[in-house]
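The structure appears right after this line, and notes come after that.
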Amino acid sequence: KYSPLSAQQVTMYNAIFRVGWEARQVAEVVKAPLWKGLWSTVRGKYGHDKVPAHDEFLMSSTSVYKYLQSELLGADNLNHLEDLFTEDLWPIIRETGSAYEKVRRMHDPDDCQIVWTSTRAFVCSLGPPEPPRNKFYAGARFFSVMNMKYEPDNVRHVIDDILFESEWDEDKGVKQWKINFIGGPIAPPANQ
């Protein structure tokens with residue numbers, strides 16, 4: 001039988017999670033120069049004009065990540081996001097957006113927003129187009145501190161991964177990034 005956690009147990013669990021969150025972020029900081037070097041090597045092999053720069057990829061993926069998370073929480077209709085996803089992932093995203101409908105009904109629409117305190121992005125995967133595969137893959141891992149506007153005191157530390165893919169054009173390179181995987185959030189349970 002399940003019994004709810006006491007306030008002390010929740011506090012202890014959150015503290016343990018936070019230590020793990022910080023440790024995983026330190027590990028990503030240590031790996032970052034290796035990923036940046038690999039990214040540079042791949043750009044050199046496939047063409048600087050065909051593959052975005054490392055920092056450009058991370059800035060763009062962070063913008064997409066924050067926009068996507070905000071839209072999932074606040075938008076009643078997600079059809080404007082369909083072009084961001086692969087065909088396989090889109091039905092899951094639509095369903096996830098529908099799951100937030102109850103939250104949107106419980107709170108004022110202006111409060112169905114994410115308040116971002118910080119977000120750090122790191123490259124977590126890279127797969128250039130090697131034959132016979134004609135796709136380019138890249139992934140970003142996000143360490144975010146945020147809260148829902150309707151729960152200002154429930155600050156959360158989360159880790160999310162987004163993996164992108166793009167058709168590869170020999171002449172133009174990366175065509176259009178589409179999200180093919182979202183993992184996470186890895187977060188402690190909400191304070192209750």
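Residues in the structure tokens are numbered from 1 in each chain, the chains being A, B, ... in the order shown, and ligands are numbered from 1 in the order shown.
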
All residues 9 Å or closer to segment 73-88 of chain A, only C-alpha atoms, same chain fewer than 6 positions away omitted, as a PyMOL selection string = chain A and resi 64+94+97-98+100-101+103-104+109-114+164-165+176-181

Please report as a Markdown table every residue of segment 121-171 of chain A lying within 8 Å of segment 21-25 of chain A, along with the nearest atom pair and their distance in Å (one decimal), using only C-alpha atoms.
| residue | atom | partner | partner_atom | distance |
| --- | --- | --- | --- | --- |
| A:Phe143 | CA | A:Gln25 | CA | 7.0 |
| A:His157 | CA | A:Trp21 | CA | 7.4 |
| A:Val158 | CA | A:Trp21 | CA | 7.7 |
| A:Ile159 | CA | A:Trp21 | CA | 7.7 |

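Atom CA of Pro132 of chain A to atom CA of Lys31 of chain A spans 29.0 Å [interatomic distance, one decimal].
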
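Distances to Ala15 of chain A were evaluated for A:Leu58, A:Phe136, A:Arg156, A:Ser3 using only C-alpha atoms, and the minimum falls at A:Arg156.
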
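When only C-alpha atoms are used to compute distances to Lys45 of chain A, the closest of the residues A:Glu167, A:Asp153, A:Asp161, A:Glu130 turns out to be A:Glu130.
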
key: Selected residue, from A:Ser144, A:Gly127, A:Gly184, A:Val30, that lies nearest to Tyr46 of chain A when counting only C-alpha atoms   = A:Gly127

request  = List every residue of segment 32-189 of chain A that DSSP, applied to the backbone of this structure, places in alpha helix (DSSP H), and write the result as number ranges by chain.
outcome  = A: 32-46, 54-74, 90-99, 101-106

Filtering to C-alpha atoms, could you give me those residues as a CSV table (one decimal), in the first residue's frame?
chain,number,residue,atom,x,y,z
A,32,ALA,CA,31.6,20.1,-23.0
A,33,PRO,CA,35.0,20.8,-24.5
A,34,LEU,CA,35.1,17.3,-25.9
A,35,TRP,CA,31.7,17.7,-27.5
A,36,LYS,CA,32.7,21.1,-28.9
A,37,GLY,CA,35.9,19.6,-30.4
A,38,LEU,CA,33.9,16.8,-32.0
A,39,TRP,CA,31.4,19.2,-33.3
A,40,SER,CA,34.2,21.3,-34.9
A,41,THR,CA,35.7,18.2,-36.5
A,42,VAL,CA,32.3,17.2,-37.9
A,43,ARG,CA,31.8,20.7,-39.3
A,44,GLY,CA,35.2,20.6,-40.8
A,45,LYS,CA,34.5,17.2,-42.5
A,46,TYR,CA,31.0,18.1,-43.8
A,54,HIS,CA,28.2,24.4,-31.9
A,55,ASP,CA,27.1,27.5,-30.0
A,56,GLU,CA,24.5,28.4,-32.7
A,57,PHE,CA,23.0,24.9,-32.3
A,58,LEU,CA,22.8,25.2,-28.5
A,59,MET,CA,21.3,28.7,-28.6
A,60,SER,CA,18.7,27.6,-31.2
A,61,SER,CA,17.9,24.4,-29.4
A,62,THR,CA,17.4,26.3,-26.1
A,63,SER,CA,15.0,28.6,-27.7
A,64,VAL,CA,13.0,25.7,-29.2
A,65,TYR,CA,13.1,23.9,-25.8
A,66,LYS,CA,11.7,26.8,-23.9
A,67,TYR,CA,9.1,27.6,-26.5
A,68,LEU,CA,8.0,24.0,-26.7
A,69,GLN,CA,7.7,23.6,-22.9
A,70,SER,CA,5.7,26.9,-22.7
A,71,GLU,CA,3.4,26.0,-25.5
A,72,LEU,CA,2.7,22.5,-24.0
A,73,LEU,CA,1.6,24.1,-20.8
A,74,GLY,CA,-0.3,27.1,-22.1
A,90,TRP,CA,3.9,14.2,-33.2
A,91,PRO,CA,1.0,12.1,-31.9
A,92,ILE,CA,2.7,11.7,-28.6
A,93,ILE,CA,3.2,15.5,-28.3
A,94,ARG,CA,-0.4,16.2,-29.2
A,95,GLU,CA,-1.5,13.8,-26.4
A,96,THR,CA,0.9,15.4,-23.9
A,97,GLY,CA,-0.5,18.8,-24.7
A,98,SER,CA,-4.0,17.4,-24.1
A,99,ALA,CA,-2.9,16.1,-20.7
A,101,GLU,CA,-5.9,20.7,-20.5
A,102,LYS,CA,-7.0,20.0,-16.9
A,103,VAL,CA,-4.2,22.3,-15.6
A,104,ARG,CA,-5.3,25.0,-18.0
A,105,ARG,CA,-8.9,24.7,-16.7
A,106,MET,CA,-7.8,24.9,-13.1

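Atom CA of Asn134 of chain A lies 8.1 Å from atom CA of Asp169 of chain A.
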
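From atom CA of His107 of chain A back to atom CA of Ile162 of chain A, the distance works out to 28.0 Å.
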
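Considering the residues A:Ala7, A:Val19, A:Val26, A:Met148 and counting only C-alpha atoms, Asp108 of chain A has its shortest atom-to-atom contact with A:Met148.
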
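In the backbone-derived DSSP annotation, strand (DSSP E or B) within segment 10-155 of chain A comprises A:Phe85, A:Ile114, A:Val115, A:Trp116, A:Thr117, A:Ser118, A:Thr119, A:Arg120, A:Ala121, A:Phe122, A:Val123, A:Cys124, A:Ser125, A:Leu126, A:Gly127, A:Lys135, A:Phe136, A:Tyr137, A:Ala138, A:Gly139, A:Ala140, A:Arg141, A:Phe142, A:Phe143, A:Ser144, A:Val145, A:Met146, A:Asn147, A:Met148.
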